$ cat final-v8.txt   # compact mmCIF, C-alpha atoms
# COMPACT_ATOMS: atom_id res chain seq x y z
CA MET A 641 -14.94 11.20 23.87
CA TRP A 642 -11.99 8.82 24.15
CA ILE A 643 -11.80 6.00 21.62
CA THR A 644 -9.13 3.62 20.32
CA TRP A 645 -6.90 4.73 17.49
CA ARG A 646 -8.27 1.91 15.36
CA GLU A 647 -11.81 3.24 15.64
CA ALA A 648 -10.64 6.84 15.28
CA ILE A 649 -8.75 6.05 12.07
CA ARG A 650 -11.70 4.11 10.69
CA ARG A 651 -14.01 7.08 11.22
CA ALA A 652 -11.46 9.65 10.05
CA LEU A 653 -10.67 7.85 6.80
CA TYR A 654 -13.80 5.89 5.95
CA GLY A 655 -16.67 7.25 8.05
CA GLU A 656 -19.49 9.44 6.78
CA ARG A 657 -17.17 12.46 6.62
CA GLY A 658 -14.08 10.35 6.05
CA PHE A 659 -11.02 11.69 4.29
CA TYR A 660 -10.92 8.99 1.61
CA LEU A 661 -14.59 9.29 0.76
CA HIS A 662 -14.19 12.95 -0.17
CA GLN A 663 -10.50 13.41 -1.08
CA ARG A 664 -8.13 11.99 -3.69
CA PRO A 665 -4.66 10.96 -2.42
CA SER A 666 -2.87 12.77 -5.25
CA GLY A 667 -3.97 16.08 -3.77
CA HIS A 668 -2.20 15.44 -0.49
CA PHE A 669 0.86 13.24 -0.98
CA ARG A 670 3.02 11.87 -3.77
CA THR A 671 2.63 8.21 -4.71
CA SER A 672 4.49 6.04 -7.20
CA VAL A 673 1.44 6.09 -9.46
CA ALA A 674 1.31 9.89 -9.46
CA ALA A 675 5.08 10.25 -9.82
CA SER A 676 5.30 8.71 -13.28
CA PRO A 677 3.53 6.51 -15.86
CA VAL A 678 6.70 4.40 -15.64
CA PHE A 679 5.25 2.72 -12.55
CA ALA A 680 2.23 1.53 -14.53
CA GLU A 681 4.54 0.32 -17.30
CA ALA A 682 6.44 -1.79 -14.79
CA ILE A 683 3.21 -3.19 -13.37
CA GLY A 684 2.12 -3.94 -16.94
CA ARG A 685 5.30 -5.95 -17.51
CA LEU A 686 4.66 -7.83 -14.28
CA LEU A 687 1.10 -8.51 -15.43
CA GLY A 688 2.42 -9.90 -18.71
CA ASP A 689 4.77 -12.21 -16.83
CA VAL A 690 1.93 -13.46 -14.61
CA ASP A 691 -0.21 -14.01 -17.71
CA ALA A 692 2.49 -16.14 -19.31
CA ARG A 693 3.06 -18.16 -16.13
CA LEU A 694 -0.67 -18.82 -15.91
CA GLY A 695 -0.73 -20.13 -19.46
CA ARG A 696 -2.60 -17.10 -20.86
CA PRO A 697 -6.04 -17.87 -19.41
CA GLU A 698 -9.25 -16.90 -21.16
CA THR A 699 -9.82 -14.20 -18.53
CA LEU A 700 -6.96 -12.51 -16.70
CA ASP A 701 -7.66 -10.29 -13.70
CA PHE A 702 -5.90 -7.11 -12.75
CA VAL A 703 -7.12 -5.77 -9.40
CA ASP A 704 -6.00 -2.39 -8.03
CA MET A 705 -6.56 -2.18 -4.27
CA GLY A 706 -7.16 1.31 -2.88
CA ALA A 707 -7.43 2.60 -6.44
CA GLY A 708 -7.74 6.31 -5.59
CA ASP A 709 -8.75 8.07 -8.79
CA GLY A 710 -8.24 4.93 -10.91
CA THR A 711 -5.06 6.14 -12.61
CA LEU A 712 -3.12 2.90 -12.22
CA ALA A 713 -6.00 0.73 -13.43
CA ALA A 714 -6.60 2.99 -16.45
CA ARG A 715 -2.91 3.09 -17.40
CA VAL A 716 -2.44 -0.66 -17.11
CA LEU A 717 -5.48 -1.22 -19.32
CA ALA A 718 -4.29 1.34 -21.88
CA LEU A 719 -0.79 -0.15 -22.01
CA ALA A 720 -1.88 -3.77 -22.40
CA PRO A 721 -1.06 -5.29 -25.81
CA PRO A 722 -4.21 -5.96 -27.89
CA GLU A 723 -4.12 -9.73 -27.39
CA LEU A 724 -3.88 -9.34 -23.61
CA ALA A 725 -6.29 -6.41 -23.44
CA GLY A 726 -9.00 -8.55 -25.01
CA ARG A 727 -8.76 -11.04 -22.13
CA LEU A 728 -8.14 -8.54 -19.35
CA ARG A 729 -10.68 -7.91 -16.60
CA VAL A 730 -9.72 -4.78 -14.65
CA THR A 731 -11.18 -4.07 -11.22
CA ALA A 732 -10.54 -0.96 -9.10
CA VAL A 733 -11.34 -1.47 -5.41
CA GLU A 734 -12.07 1.82 -3.65
CA LEU A 735 -14.61 3.15 -1.13
CA ALA A 736 -14.87 6.59 -2.75
CA PRO A 737 -17.34 7.13 -5.62
CA ARG A 738 -16.28 6.22 -9.15
CA PRO A 739 -14.43 9.15 -10.74
CA PRO A 740 -15.77 10.65 -13.97
CA GLY A 741 -14.08 9.73 -17.22
CA LEU A 742 -12.81 6.33 -16.11
CA PRO A 743 -12.95 3.77 -18.97
CA ALA A 744 -16.18 1.78 -18.84
CA ARG A 745 -14.26 -1.50 -18.93
CA ILE A 746 -12.87 -0.84 -15.46
CA ALA A 747 -15.17 -2.25 -12.78
CA TRP A 748 -15.41 0.00 -9.71
CA ARG A 749 -16.09 -1.93 -6.49
CA ARG A 750 -15.98 -1.39 -2.75
CA THR A 751 -14.82 -4.98 -2.14
CA VAL A 752 -12.45 -7.47 -3.73
CA PRO A 753 -13.99 -9.92 -6.24
CA ASP A 754 -14.71 -13.33 -4.71
CA ARG A 755 -12.31 -15.12 -7.04
CA VAL A 756 -9.26 -13.67 -8.77
CA CYS A 757 -6.98 -15.21 -11.37
CA GLY A 758 -4.15 -12.84 -12.25
CA LEU A 759 -2.42 -9.94 -10.52
CA VAL A 760 -3.52 -7.92 -7.49
CA VAL A 761 -1.60 -4.73 -6.63
CA ALA A 762 -2.02 -2.98 -3.29
CA ASN A 763 0.02 0.20 -3.64
CA GLU A 764 -0.04 2.16 -0.37
CA TRP A 765 -3.18 0.35 0.76
CA LEU A 766 -2.07 -1.45 3.91
CA ASP A 767 -0.75 1.70 5.58
CA ASN A 768 -4.33 3.01 5.73
CA VAL A 769 -5.86 -0.11 7.26
CA PRO A 770 -6.89 1.12 10.75
CA LEU A 771 -5.04 -0.29 13.74
CA ASP A 772 -4.58 0.21 17.46
CA VAL A 773 -1.60 1.80 19.19
CA ALA A 774 -0.06 0.36 22.34
CA GLU A 775 2.36 1.92 24.83
CA LEU A 776 4.50 0.06 27.34
CA THR A 777 4.03 1.07 30.98
CA GLU A 778 5.58 -0.29 34.17
CA HIS A 779 2.57 -2.59 34.36
CA GLY A 780 2.75 -3.85 30.78
CA PRO A 781 1.33 -2.69 27.43
CA ARG A 782 -1.72 -0.45 27.41
CA ILE A 783 -3.96 0.63 24.54
CA VAL A 784 -3.62 4.31 23.63
CA LEU A 785 -6.92 6.19 23.44
CA VAL A 786 -7.42 9.40 21.48
CA ASP A 787 -9.80 12.34 21.41
CA PRO A 788 -10.80 12.43 17.70
CA CYS A 789 -11.44 16.18 17.79
CA THR A 790 -8.07 17.24 19.19
CA GLY A 791 -5.68 14.29 18.86
CA ALA A 792 -5.02 14.34 22.61
CA GLU A 793 -4.18 10.92 24.03
CA ARG A 794 -4.44 8.94 27.24
CA LEU A 795 -3.84 5.31 28.19
CA GLY A 796 -6.62 2.76 28.36
CA GLY A 797 -6.74 -0.91 29.25
CA GLU A 798 -4.57 -3.87 28.35
CA PRO A 799 -4.63 -5.12 24.75
CA CYS A 800 -6.59 -8.30 24.08
CA ALA A 801 -4.80 -11.65 24.19
CA GLU A 802 -4.44 -11.82 20.39
CA ASP A 803 -2.88 -8.36 20.25
CA LEU A 804 -0.52 -9.15 23.13
CA ALA A 805 0.63 -12.25 21.27
CA TRP A 806 1.12 -10.19 18.09
CA LEU A 807 3.21 -7.64 20.00
CA GLU A 808 5.35 -10.32 21.57
CA ARG A 809 6.07 -11.93 18.21
CA TRP A 810 6.28 -8.94 15.88
CA TRP A 811 6.90 -5.74 17.86
CA PRO A 812 8.34 -6.41 21.34
CA LEU A 813 8.26 -3.27 23.50
CA ARG A 814 11.50 -2.80 25.44
CA LYS A 815 11.09 0.03 27.92
CA PRO A 816 8.28 2.18 29.37
CA GLY A 817 7.20 4.80 26.88
CA ASP A 818 7.92 2.66 23.82
CA ARG A 819 4.99 2.51 21.41
CA ALA A 820 3.84 0.11 18.74
CA GLU A 821 1.16 0.04 16.10
CA ILE A 822 -0.57 -3.33 16.41
CA GLY A 823 -0.59 -4.65 12.86
CA ARG A 824 -2.94 -7.60 13.32
CA PRO A 825 -5.82 -5.96 11.36
CA ARG A 826 -3.46 -5.52 8.42
CA ASP A 827 -2.38 -9.13 8.62
CA GLU A 828 -6.04 -10.14 8.53
CA ALA A 829 -6.83 -7.83 5.61
CA TRP A 830 -3.92 -9.22 3.62
CA ALA A 831 -4.81 -12.82 4.47
CA ALA A 832 -8.34 -12.18 3.20
CA LEU A 833 -6.88 -10.79 -0.02
CA VAL A 834 -4.63 -13.81 -0.52
CA GLY A 835 -7.64 -16.02 0.15
CA ARG A 836 -9.47 -14.51 -2.86
CA LEU A 837 -6.60 -15.35 -5.21
CA GLU A 838 -7.20 -18.69 -6.92
CA ARG A 839 -4.08 -18.42 -9.07
CA GLY A 840 -1.64 -15.59 -9.55
CA LEU A 841 0.33 -12.96 -7.69
CA VAL A 842 -0.52 -10.35 -5.09
CA VAL A 843 1.83 -7.41 -4.48
CA ALA A 844 1.98 -4.82 -1.70
CA ALA A 845 4.16 -1.71 -1.95
CA ASP A 846 4.20 0.47 1.14
CA TYR A 847 6.08 2.29 3.86
CA ALA A 848 7.45 -0.59 5.89
CA HIS A 849 9.74 -1.80 8.65
CA SER A 850 10.80 -5.19 9.97
CA VAL A 851 10.98 -6.77 13.41
CA HIS A 852 14.69 -5.92 13.49
CA ASP A 853 14.18 -2.16 13.03
CA ARG A 854 10.84 -1.20 14.54
CA PRO A 855 10.89 2.48 15.56
CA PRO A 856 10.49 2.74 19.36
CA ALA A 857 8.12 5.72 19.10
CA GLY A 858 5.99 4.20 16.34
CA THR A 859 5.23 5.82 12.99
CA LEU A 860 1.70 7.21 13.28
CA THR A 861 1.47 10.43 11.28
CA ALA A 862 -0.79 12.43 8.98
CA TYR A 863 -0.64 14.27 5.64
CA ARG A 864 -2.56 17.23 4.34
CA GLU A 865 -1.88 19.14 1.10
CA GLY A 866 1.59 17.68 0.71
CA ARG A 867 2.73 18.38 4.28
CA THR A 868 3.19 16.25 7.37
CA VAL A 869 0.75 17.38 10.06
CA PRO A 870 -0.12 16.16 13.58
CA PRO A 871 -2.31 13.03 13.43
CA VAL A 872 -5.66 14.46 14.48
CA PRO A 873 -8.33 11.92 13.41
CA ASP A 874 -11.04 14.43 12.57
CA GLY A 875 -11.36 13.58 8.85
CA SER A 876 -9.33 16.54 7.65
CA CYS A 877 -6.13 14.62 6.85
CA ASP A 878 -4.74 11.24 5.87
CA ILE A 879 -3.85 9.15 8.94
CA THR A 880 -1.18 6.57 8.22
CA ALA A 881 1.38 4.31 9.85
CA HIS A 882 4.16 2.21 8.36
CA VAL A 883 3.49 -1.47 7.76
CA ALA A 884 5.03 -4.45 9.57
CA LEU A 885 5.41 -6.12 6.20
CA ASP A 886 7.19 -9.20 7.59
CA ALA A 887 4.15 -9.94 9.76
CA VAL A 888 1.90 -9.39 6.74
CA ALA A 889 3.98 -11.86 4.73
CA ALA A 890 3.63 -14.51 7.43
CA ALA A 891 -0.14 -13.97 7.45
CA GLY A 892 -0.23 -14.43 3.69
CA GLU A 893 1.61 -17.72 3.97
CA ARG A 894 -0.84 -18.94 6.59
CA ALA A 895 -3.65 -17.99 4.19
CA GLY A 896 -2.26 -20.14 1.40
CA ALA A 897 0.52 -18.22 -0.36
CA THR A 898 2.92 -20.73 -1.87
CA GLY A 899 5.85 -18.40 -2.47
CA THR A 900 7.04 -15.10 -1.00
CA VAL A 901 9.44 -12.37 -2.07
CA LEU A 902 10.03 -9.56 0.42
CA THR A 903 12.30 -6.82 -0.90
CA THR A 904 12.38 -3.09 -1.62
CA GLN A 905 10.62 -1.23 -4.39
CA ARG A 906 14.03 -0.24 -5.73
CA GLU A 907 15.05 -3.86 -6.26
CA ALA A 908 11.63 -4.96 -7.51
CA LEU A 909 11.38 -2.19 -10.12
CA ARG A 910 14.96 -2.63 -11.25
CA ALA A 911 14.11 -6.28 -11.94
CA LEU A 912 11.22 -5.00 -14.06
CA GLY A 913 13.50 -2.81 -16.16
CA VAL A 914 13.31 0.51 -14.27
CA THR A 915 16.95 1.58 -13.99
CA GLY A 916 17.08 5.38 -14.02
CA ALA A 917 19.95 5.21 -16.50
CA ARG A 918 20.69 8.49 -18.26
CA PRO A 919 20.71 8.49 -22.08
CA PRO A 920 24.09 8.64 -23.85
CA LEU A 921 25.39 12.16 -24.49
CA ASP A 922 25.80 11.36 -28.18
CA LEU A 923 22.01 11.34 -28.45
CA ALA A 924 21.97 15.04 -27.53
CA ARG A 925 23.85 15.81 -30.76
CA THR A 926 21.97 13.47 -33.08
CA ASP A 927 18.46 13.81 -31.61
CA PRO A 928 18.18 16.71 -29.12
CA ARG A 929 14.45 16.30 -28.60
CA GLY A 930 14.79 12.54 -28.09
CA TYR A 931 17.62 13.18 -25.64
CA LEU A 932 15.49 15.53 -23.54
CA GLN A 933 12.62 13.05 -23.52
CA ALA A 934 14.94 10.23 -22.48
CA LEU A 935 16.49 12.44 -19.81
CA ALA A 936 13.06 13.27 -18.39
CA ARG A 937 12.16 9.59 -18.30
CA ALA A 938 15.42 8.76 -16.55
CA ALA A 939 14.58 11.32 -13.88
CA GLU A 940 11.14 9.78 -13.38
CA GLU A 941 12.64 6.30 -13.10
CA ALA A 942 15.24 7.57 -10.64
CA GLU A 943 12.51 8.96 -8.39
CA LEU A 944 10.70 5.63 -8.33
CA ILE A 945 13.83 3.72 -7.27
CA ASP A 946 15.44 6.41 -5.08
CA PRO A 947 16.71 4.52 -1.98
CA ALA A 948 16.01 7.61 0.12
CA GLY A 949 12.46 7.98 -1.21
CA LEU A 950 9.97 5.77 -3.04
CA GLY A 951 12.62 3.14 -3.71
CA ALA A 952 12.83 2.45 0.03
CA PHE A 953 9.23 1.22 0.13
CA GLY A 954 8.78 -2.37 1.18
CA TRP A 955 7.65 -4.64 -1.67
CA LEU A 956 5.91 -7.89 -0.83
CA ALA A 957 5.00 -10.31 -3.61
CA GLN A 958 3.20 -13.58 -2.82
CA ARG A 959 2.09 -16.15 -5.32
CA VAL A 960 -0.72 -18.68 -5.16
CA ASN A 961 -0.69 -21.72 -7.46
CA LEU A 962 1.71 -19.93 -9.80
CA ALA A 963 4.70 -21.68 -11.29

$ encode --input "final-v8.txt" --output "structure tokens"
Amino acid sequence: MWITWREAIRRALYGERGFYLHQRPSGHFRTSVAASPVFAEAIGRLLGDVDARLGRPETLDFVDMGAGDGTLAARVLALAPPELAGRLRVTAVELAPRPPGLPARIAWRRTVPDRVCGLVVANEWLDNVPLDVAELTEHGPRIVLVDPCTGAERLGGEPCAEDLAWLERWWPLRKPGDRAEIGRPRDEAWAALVGRLERGLVVAADYAHSVHDRPPAGTLTAYREGRTVPPVPDGSCDITAHVALDAVAAAGERAGATGTVLTTQREALRALGVTGARPPLDLARTDPRGYLQALARAAEEAELIDPAGLGAFGWLAQRVNLA
């Protein structure tokens, strides 16, 4: 049966036998959260900054989109200073069942709270929002259809008017055979998220590209057990595609964002104190154990800001009614 990639991804990731309903991401690919607790520390510092800019409200939200096994939410809660922790309302948004052992204070939801005042973090969430794939032919763009059992493809009809407009603005196809992932569903998902934020900051960190460097063959791929595999949407692997984060940012502004920063994870984390700096050699003589601990931390920080790895992630931060 031939279906669109958007529908195939939806079934493969979130359907009855969907990958994300039965698997944890940490078992298949490395994320910033899994790489080091340093990531949660940086998010905690960002949360503290948002809290101060909001005037330390009676209730401060921290929302983790696509929470996986809840590690980020749990670490941020554990790291919060007592005064902040007493006001903190932590919500993990995830379709999979609540994992055992998660602190009771963390709310586990399938949807975003209606109103949020604080910080929302969407770490590697947008890349799993299902979307369609288009290919340019001599007669214009056509939707790519897929057999969900084998991953075989064939061309279908013309994209709808809204998708054609999105392609023209955000991912122009130049020559027959060029492909694009139509990011409009991601724009809409992000706009809905921004719309729930009454005051605060919403952050996305993800594989990304811009209108100036879209890959002509697209980026659709899959992961299973730490390896890249062919994207067969049968529920056995993670299906993902990089995010047109500039288009997402524009959608957020249309939805009410009053300020935007679009940068890399490397630059964002460095601004939050993650430098990867090695400890001084003198420490090895005066405190060998402390030196080894500091060296290990430096290595973890370096991985998070590696410009050839996690540091190359796009980082989008948009504020709503935040000074």

$ residues_around --input "final-v8.txt" --residues "A:Leu776" --least-positions-apart "2" --cutoff "10 Å" --atoms "all atoms listed in the file" --output "ChimeraX atom specification"
/A:774,778-784,795,798,812-820

$ closest_residue --input "final-v8.txt" --among "A:Ala832, A:Ala736, A:Leu687, A:Ala889" --to "A:Tyr660" --atoms "all atoms listed in the file"
A:Ala736

$ residues_around --input "final-v8.txt" --residues "stretch 875-882 of chain A" --least-positions-apart "3" --cutoff "8 Å" --atoms "all atoms listed in the file" --output "VMD selection string"
chain A and resid 649 651 to 653 657 to 660 767 to 768 821 846 to 849 858 to 864 871 to 872

$ closest_residue --input "final-v8.txt" --among "A:Ala952, A:Cys757, A:Ala911, A:Leu944" --to "A:Arg670" --atoms "only C-alpha atoms"
A:Leu944

$ closest_residue --input "final-v8.txt" --among "A:Ala924, A:Leu841, A:Met641, A:Val760" --to "A:Val703" --atoms "all atoms listed in the file"
A:Val760

$ atom_distance --input "final-v8.txt" --atom1 "atom CA of A:Ser676" --atom2 "atom CA of A:Ala725"
21.6 Å

$ residues_around --input "final-v8.txt" --residues "A:Phe702" --least-positions-apart "5" --cutoff "9 Å" --atoms "all atoms listed in the file" --output "PyMOL selection string"
chain A and resi 687+713+716-717+728-732+756-761

$ atom_distance --input "final-v8.txt" --atom1 "atom CA of A:Arg745" --atom2 "atom CA of A:Arg959"
25.8 Å

$ residues_near_point --input "final-v8.txt" --point "(-2.7, -11.5, -9.7)" --cutoff "12 Å" --atoms "all atoms listed in the file" --output "PyMOL selection string"
chain A and resi 683-684+686-694+699-705+728-731+753+755-762+833-844+897+957-962

$ closest_residue --input "final-v8.txt" --among "A:Val678, A:Ala707, A:Ala718, A:Ala831" --to "A:Ala887" --atoms "all atoms listed in the file"
A:Ala831

$ atom_distance --input "final-v8.txt" --atom1 "atom CA of A:Asp772" --atom2 "atom CA of A:Trp645"
5.1 Å

$ residues_around --input "final-v8.txt" --residues "A:Gly823" --least-positions-apart "4" --cutoff "10 Å" --atoms "all atoms listed in the file" --output "PyMOL selection string"
chain A and resi 766-767+769-773+803+806-807+810-811+827-828+881-885+887-888

$ residues_near_point --input "final-v8.txt" --point "(10.2, -4.4, -1.5)" --cutoff "8 Å" --atoms "all atoms listed in the file" --output "list in words"
Ala845, Leu902, Thr903, Thr904, Gln905, Arg906, Glu907, Ala908, Ala952, Phe953, Gly954, Trp955 and Leu956 of chain A

$ axis_aligned_box --input "final-v8.txt" --around "stretch 724-728 of chain A" --padding-each-side "8 Å" --output "AutoDock Vina command-line options"
--center_x -6.4 --center_y -8.7 --center_z -22.2 --size_x 21.1 --size_y 20.6 --size_z 21.7
